>>> print(open('run_7.cif').read())   # mmCIF, C-alpha atoms
data_upload
#
loop_
_atom_site.label_atom_id
_atom_site.label_comp_id
_atom_site.auth_asym_id
_atom_site.auth_seq_id
_atom_site.Cartn_x
_atom_site.Cartn_y
_atom_site.Cartn_z
CA MET V 6 -31.35 23.18 -10.98
CA VAL V 7 -31.09 21.51 -7.54
CA ALA V 8 -34.33 19.97 -6.37
CA ALA V 9 -34.54 20.72 -2.65
CA ALA V 10 -35.86 17.85 -0.58
CA ALA V 11 -37.67 18.42 2.68
CA ARG V 12 -35.27 18.18 5.60
CA THR V 13 -36.24 15.40 8.00
CA SER V 14 -33.50 15.89 10.61
CA GLU V 15 -31.15 18.35 12.24
CA VAL V 16 -28.16 19.47 10.22
CA LEU V 17 -25.72 16.59 9.73
CA LYS V 18 -21.99 16.71 9.05
CA VAL V 19 -21.48 14.49 6.01
CA ALA V 20 -18.10 13.55 4.55
CA VAL V 21 -18.20 12.86 0.82
CA VAL V 22 -15.12 10.72 0.22
CA LEU V 23 -13.95 10.51 -3.38
CA GLY V 24 -12.16 7.47 -4.76
CA SER V 25 -10.08 8.53 -7.74
CA THR V 26 -6.56 9.91 -8.11
CA ARG V 27 -6.78 10.02 -11.89
CA THR V 28 -5.44 13.25 -13.39
CA GLN V 29 -4.77 12.08 -16.95
CA GLY V 30 -6.77 10.23 -19.62
CA PRO V 31 -7.81 8.42 -21.61
CA PRO V 32 -10.69 8.09 -21.00
CA TYR V 33 -11.74 11.71 -20.84
CA PRO V 34 -12.52 13.44 -18.61
CA ALA V 35 -9.90 11.67 -16.52
CA ASN V 36 -11.58 12.15 -13.14
CA VAL V 37 -15.33 11.84 -13.39
CA GLY V 38 -15.51 11.31 -9.66
CA ALA V 39 -15.14 15.04 -9.09
CA ARG V 40 -18.44 15.53 -10.94
CA VAL V 41 -20.14 12.89 -8.80
CA GLY V 42 -18.78 14.53 -5.65
CA ALA V 43 -20.08 17.93 -6.76
CA PHE V 44 -23.51 16.44 -7.48
CA LEU V 45 -23.69 14.83 -4.03
CA THR V 46 -22.55 18.04 -2.38
CA GLN V 47 -25.37 19.95 -4.07
CA ALA V 48 -27.95 17.30 -3.16
CA LEU V 49 -26.86 17.17 0.50
CA GLN V 50 -26.69 20.94 0.86
CA ALA V 51 -30.18 21.19 -0.63
CA ARG V 52 -31.31 18.98 2.26
CA GLY V 53 -29.70 21.44 4.67
CA HIS V 54 -26.60 19.47 5.62
CA SER V 55 -22.94 20.41 5.99
CA VAL V 56 -20.57 18.71 3.53
CA ASP V 57 -16.84 18.03 3.77
CA LEU V 58 -15.44 16.86 0.42
CA VAL V 59 -12.46 14.54 0.94
CA ASP V 60 -10.39 14.21 -2.24
CA PRO V 61 -7.54 11.65 -2.26
CA ILE V 62 -5.69 13.76 -4.83
CA GLU V 63 -5.49 16.62 -2.35
CA GLU V 64 -4.77 14.35 0.64
CA ALA V 65 -1.91 12.61 -1.23
CA LEU V 66 -1.71 9.73 1.24
CA PRO V 67 1.15 7.30 0.63
CA LEU V 68 0.51 3.60 0.16
CA LEU V 69 -0.44 2.21 3.54
CA GLU V 70 2.50 1.49 5.82
CA LYS V 71 0.52 1.49 9.05
CA PRO V 72 -2.88 2.88 10.04
CA HIS V 73 -3.48 6.10 11.91
CA PHE V 74 -4.23 4.40 15.23
CA ALA V 75 -0.87 2.55 15.16
CA TYR V 76 1.13 5.77 15.39
CA GLY V 77 2.13 7.21 18.71
CA SER V 78 1.99 10.60 17.05
CA ALA V 79 0.56 10.50 13.53
CA PRO V 80 2.04 12.65 10.73
CA PRO V 81 0.28 16.05 10.68
CA ARG V 82 -1.43 15.46 7.33
CA LEU V 83 -2.79 12.10 8.43
CA GLN V 84 -3.87 13.49 11.80
CA ALA V 85 -5.75 16.35 10.17
CA LEU V 86 -7.63 13.94 7.90
CA ALA V 87 -8.41 11.66 10.85
CA GLU V 88 -9.98 14.58 12.70
CA ARG V 89 -12.09 15.53 9.68
CA LEU V 90 -13.36 11.98 9.26
CA GLN V 91 -13.92 11.57 13.00
CA THR V 92 -16.05 14.71 13.10
CA ALA V 93 -18.34 13.47 10.31
CA GLU V 94 -21.65 11.94 11.34
CA ALA V 95 -22.24 10.14 8.04
CA TYR V 96 -20.31 9.25 4.90
CA CYS V 97 -20.89 9.08 1.16
CA MET V 98 -18.23 6.74 -0.21
CA VAL V 99 -17.71 7.39 -3.93
CA THR V 100 -15.95 4.81 -6.06
CA PRO V 101 -15.22 4.07 -9.71
CA GLU V 102 -14.79 0.44 -10.74
CA TYR V 103 -11.35 -1.11 -11.10
CA ASN V 104 -11.36 -4.76 -12.23
CA HIS V 105 -14.79 -5.41 -10.69
CA CYS V 106 -13.63 -3.88 -7.40
CA ALA V 107 -13.63 -0.60 -5.50
CA SER V 108 -10.85 1.78 -6.42
CA PRO V 109 -7.32 1.40 -4.97
CA ALA V 110 -7.34 5.08 -4.00
CA LEU V 111 -10.47 4.76 -1.88
CA LEU V 112 -9.38 1.50 -0.27
CA ASN V 113 -5.98 2.96 0.56
CA LEU V 114 -7.61 5.93 2.24
CA LEU V 115 -10.07 3.78 4.19
CA ASN V 116 -7.36 1.36 5.32
CA HIS V 117 -5.48 4.19 7.01
CA PHE V 118 -8.29 4.31 9.58
CA GLY V 119 -10.53 1.95 11.49
CA SER V 120 -13.59 1.67 13.66
CA SER V 121 -12.22 4.26 16.09
CA THR V 122 -12.77 6.76 13.25
CA PHE V 123 -15.77 5.39 11.39
CA GLY V 124 -17.60 3.29 13.98
CA PHE V 125 -21.29 3.65 14.86
CA LYS V 126 -22.03 5.91 11.89
CA PRO V 127 -23.74 5.06 8.56
CA SER V 128 -22.45 5.28 5.02
CA LEU V 129 -23.96 5.47 1.55
CA ILE V 130 -22.18 3.78 -1.34
CA VAL V 131 -22.07 5.75 -4.58
CA SER V 132 -20.48 4.22 -7.66
CA TYR V 133 -19.97 5.43 -11.19
CA SER V 134 -18.42 4.56 -14.53
CA GLN V 135 -18.22 5.86 -18.06
CA GLY V 136 -19.85 2.64 -19.23
CA GLN V 137 -23.34 1.23 -18.84
CA TRP V 138 -23.06 -0.52 -15.47
CA GLY V 139 -22.34 2.48 -13.23
CA GLY V 140 -19.75 0.66 -11.11
CA THR V 141 -22.28 -1.68 -9.50
CA ARG V 142 -19.74 -4.48 -8.99
CA ALA V 143 -17.37 -2.08 -7.25
CA ALA V 144 -20.23 -0.91 -5.04
CA HIS V 145 -21.01 -4.43 -3.85
CA SER V 146 -17.35 -5.15 -3.13
CA LEU V 147 -17.26 -2.09 -0.86
CA ARG V 148 -20.00 -3.31 1.48
CA PRO V 149 -17.87 -5.70 3.59
CA VAL V 150 -15.07 -3.14 3.87
CA LEU V 151 -17.37 -0.45 5.24
CA SER V 152 -19.05 -2.94 7.55
CA GLU V 153 -15.68 -3.97 8.97
CA VAL V 154 -14.61 -0.41 9.76
CA GLY V 155 -17.96 0.22 11.42
CA CYS V 156 -19.72 2.71 9.13
CA LEU V 157 -22.48 0.37 8.08
CA PRO V 158 -23.76 0.98 4.54
CA VAL V 159 -27.46 1.66 4.11
CA SER V 160 -29.36 -0.69 1.83
CA ALA V 161 -29.88 1.79 -1.02
CA MET V 162 -26.99 2.67 -3.32
CA ILE V 163 -26.50 5.29 -6.02
CA HIS V 164 -25.08 4.12 -9.35
CA VAL V 165 -24.16 6.58 -12.09
CA PRO V 166 -23.61 4.98 -15.53
CA ARG V 167 -22.14 7.12 -18.29
CA ALA V 168 -21.25 9.62 -15.58
CA HIS V 169 -19.31 11.84 -17.99
CA ALA V 170 -22.57 12.46 -19.86
CA ALA V 171 -24.95 12.37 -16.89
CA LEU V 172 -23.15 15.16 -15.01
CA ASP V 173 -21.31 18.26 -16.17
CA ASP V 174 -18.08 19.68 -14.72
CA ALA V 175 -19.98 21.45 -11.95
CA GLY V 176 -21.93 18.31 -11.02
CA ALA V 177 -25.18 19.53 -12.56
CA PRO V 178 -27.15 16.58 -13.95
CA ALA V 179 -28.37 16.43 -17.52
CA GLU V 180 -31.78 15.51 -16.10
CA ASP V 181 -33.29 16.80 -12.85
CA SER V 182 -34.62 13.29 -12.19
CA TRP V 183 -31.13 12.43 -10.90
CA PHE V 184 -31.96 14.30 -7.69
CA ALA V 185 -35.13 12.26 -7.19
CA TYR V 186 -33.14 9.09 -7.86
CA ALA V 187 -30.55 10.06 -5.23
CA ASP V 188 -33.18 10.91 -2.63
CA ARG V 189 -33.77 7.28 -1.63
CA GLY V 190 -30.16 6.69 -0.60
CA LEU V 191 -29.72 10.12 0.94
CA SER V 192 -32.94 9.75 2.94
CA GLN V 193 -31.76 6.42 4.34
CA LEU V 194 -28.37 7.90 5.22
CA GLU V 195 -30.05 10.85 6.90
CA TRP V 196 -32.39 8.63 8.93
CA TRP V 197 -29.66 6.32 10.22
CA ALA V 198 -27.21 9.15 10.92
CA THR V 199 -29.82 11.02 12.93
CA ALA V 200 -30.79 7.88 14.86
CA ALA V 201 -27.15 7.06 15.63
CA ARG V 202 -26.35 10.59 16.73
CA ASP V 203 -29.43 10.86 18.94
CA HIS V 204 -28.80 7.51 20.63
CA LYS V 205 -25.12 8.28 21.22
CA ARG V 206 -26.27 11.29 23.23
CA LYS V 207 -27.88 8.78 25.61
CA VAL V 208 -25.48 5.83 25.45
CA ASP V 209 -21.75 5.78 24.67
CA PRO V 210 -21.40 2.79 22.31
CA THR V 211 -17.65 2.49 22.92
CA ARG V 212 -18.16 1.58 26.59
CA ALA V 213 -19.34 -1.94 25.75
CA SER V 214 -17.60 -2.14 22.38
CA PRO V 215 -14.31 -0.21 22.56
CA PRO V 216 -12.21 0.22 19.42
CA LEU V 217 -9.34 -2.22 18.92
CA ARG V 218 -6.12 -0.22 18.88
CA THR V 219 -3.16 -2.46 19.68
CA SER V 220 -3.31 -5.99 18.30
CA PRO V 221 -5.57 -8.21 16.17
CA ALA V 222 -5.52 -10.60 19.12
CA GLN V 223 -7.88 -8.23 20.92
CA ARG V 224 -10.73 -9.74 18.94
CA ASN V 225 -9.80 -13.38 19.60
CA ALA V 226 -12.19 -15.81 21.27
CA PRO V 227 -11.25 -17.04 24.77
CA GLY V 228 -8.45 -19.61 24.80
CA VAL V 229 -7.06 -18.48 21.43
CA SER V 230 -3.55 -17.07 21.72
#
>>> encode(input="run_7.cif", output="structure tokens")
Amino acid sequence: MVAAAARTSEVLKVAVVLGSTRTQGPPYPANVGARVGAFLTQALQARGHSVDLVDPIEEALPLLEKPHFAYGSAPPRLQALAERLQTAEAYCMVTPEYNHCASPALLNLLNHFGSSTFGFKPSLIVSYSQGQWGGTRAAHSLRPVLSEVGCLPVSAMIHVPRAHAALDDAGAPAEDSWFAYADRGLSQLEWWATAARDHKRKVDPTRASPPLRTSPAQRNAPGVS
């Protein structure tokens, strides 16, 4: 049963971005991330927010050749995803752990975009594993990536160890206390997303800090060619 938390803001548009393209095991189930995404969707909807679940299996992005902003006219599939991510006001980035790092699928998806898509909006890192650590090392490795693309991660994180046992196929937790555990991170995400949205209604942050779209040299210090 979903424990409904008291809403503390207007309705937010939250993108829950999954990080696994696994379709075959072992281990089983092959893609536990779908369960984590379903759990987050339920928890966010219980808080009254709108959720867009972004699944890299469905998006089927190729390995990065060049990012979205480098195209004159982006491929339709990439453009559609860019618009979905641009519309979001906050992000839950969901990753399993691969060799102590965030998943290749999630990093590939993120690297297709930049601060012009993600900037001046918050993110919440959610990690999971079928072992005892819950992907904590992957979660920490994701912080600098999200900071660089501009969707600053909140301080709290959600870690789900033994995710295949903690959550069922529909994302329902084995213990209702999982919702209370998630509330800390979701509350922080909600607070920062609301603050960012409200302030952007007063001040356009891109006027003083425009996105870099053409060359890495745009960020160089004076006198550096």
>>> resolve_selection(input="run_7.cif", expression="the PyMOL selection byres ((chain V and resi 46) around 9)", output="VMD selection string")
chain V and resid 21 41 to 45 47 to 51 55 to 58 176
>>> residues_near_point(input="run_7.cif", point="(-33.9, 2.1, -5.3)", cutoff="10 Å", atoms="all atoms listed in the file", output="PyMOL selection string")
chain V and resi 160-164+186-190
>>> resolve_selection(input="run_7.cif", expression="the PyMOL selection byres ((chain V and resi 106-110) around 12)", output="PyMOL selection string")
chain V and resi 22-27+38+59-69+98-105+111-117+130-134+140-151
>>> closest_residue(input="run_7.cif", among="V:Ala20, V:Cys97, V:Gly77, V:Pro32", to="Arg167 (chain V)", atoms="only C-alpha atoms")
V:Pro32
>>> atom_distance(input="run_7.cif", atom1="CA of Ala85 (chain V)", atom2="CA of Pro72 (chain V)")
13.8 Å
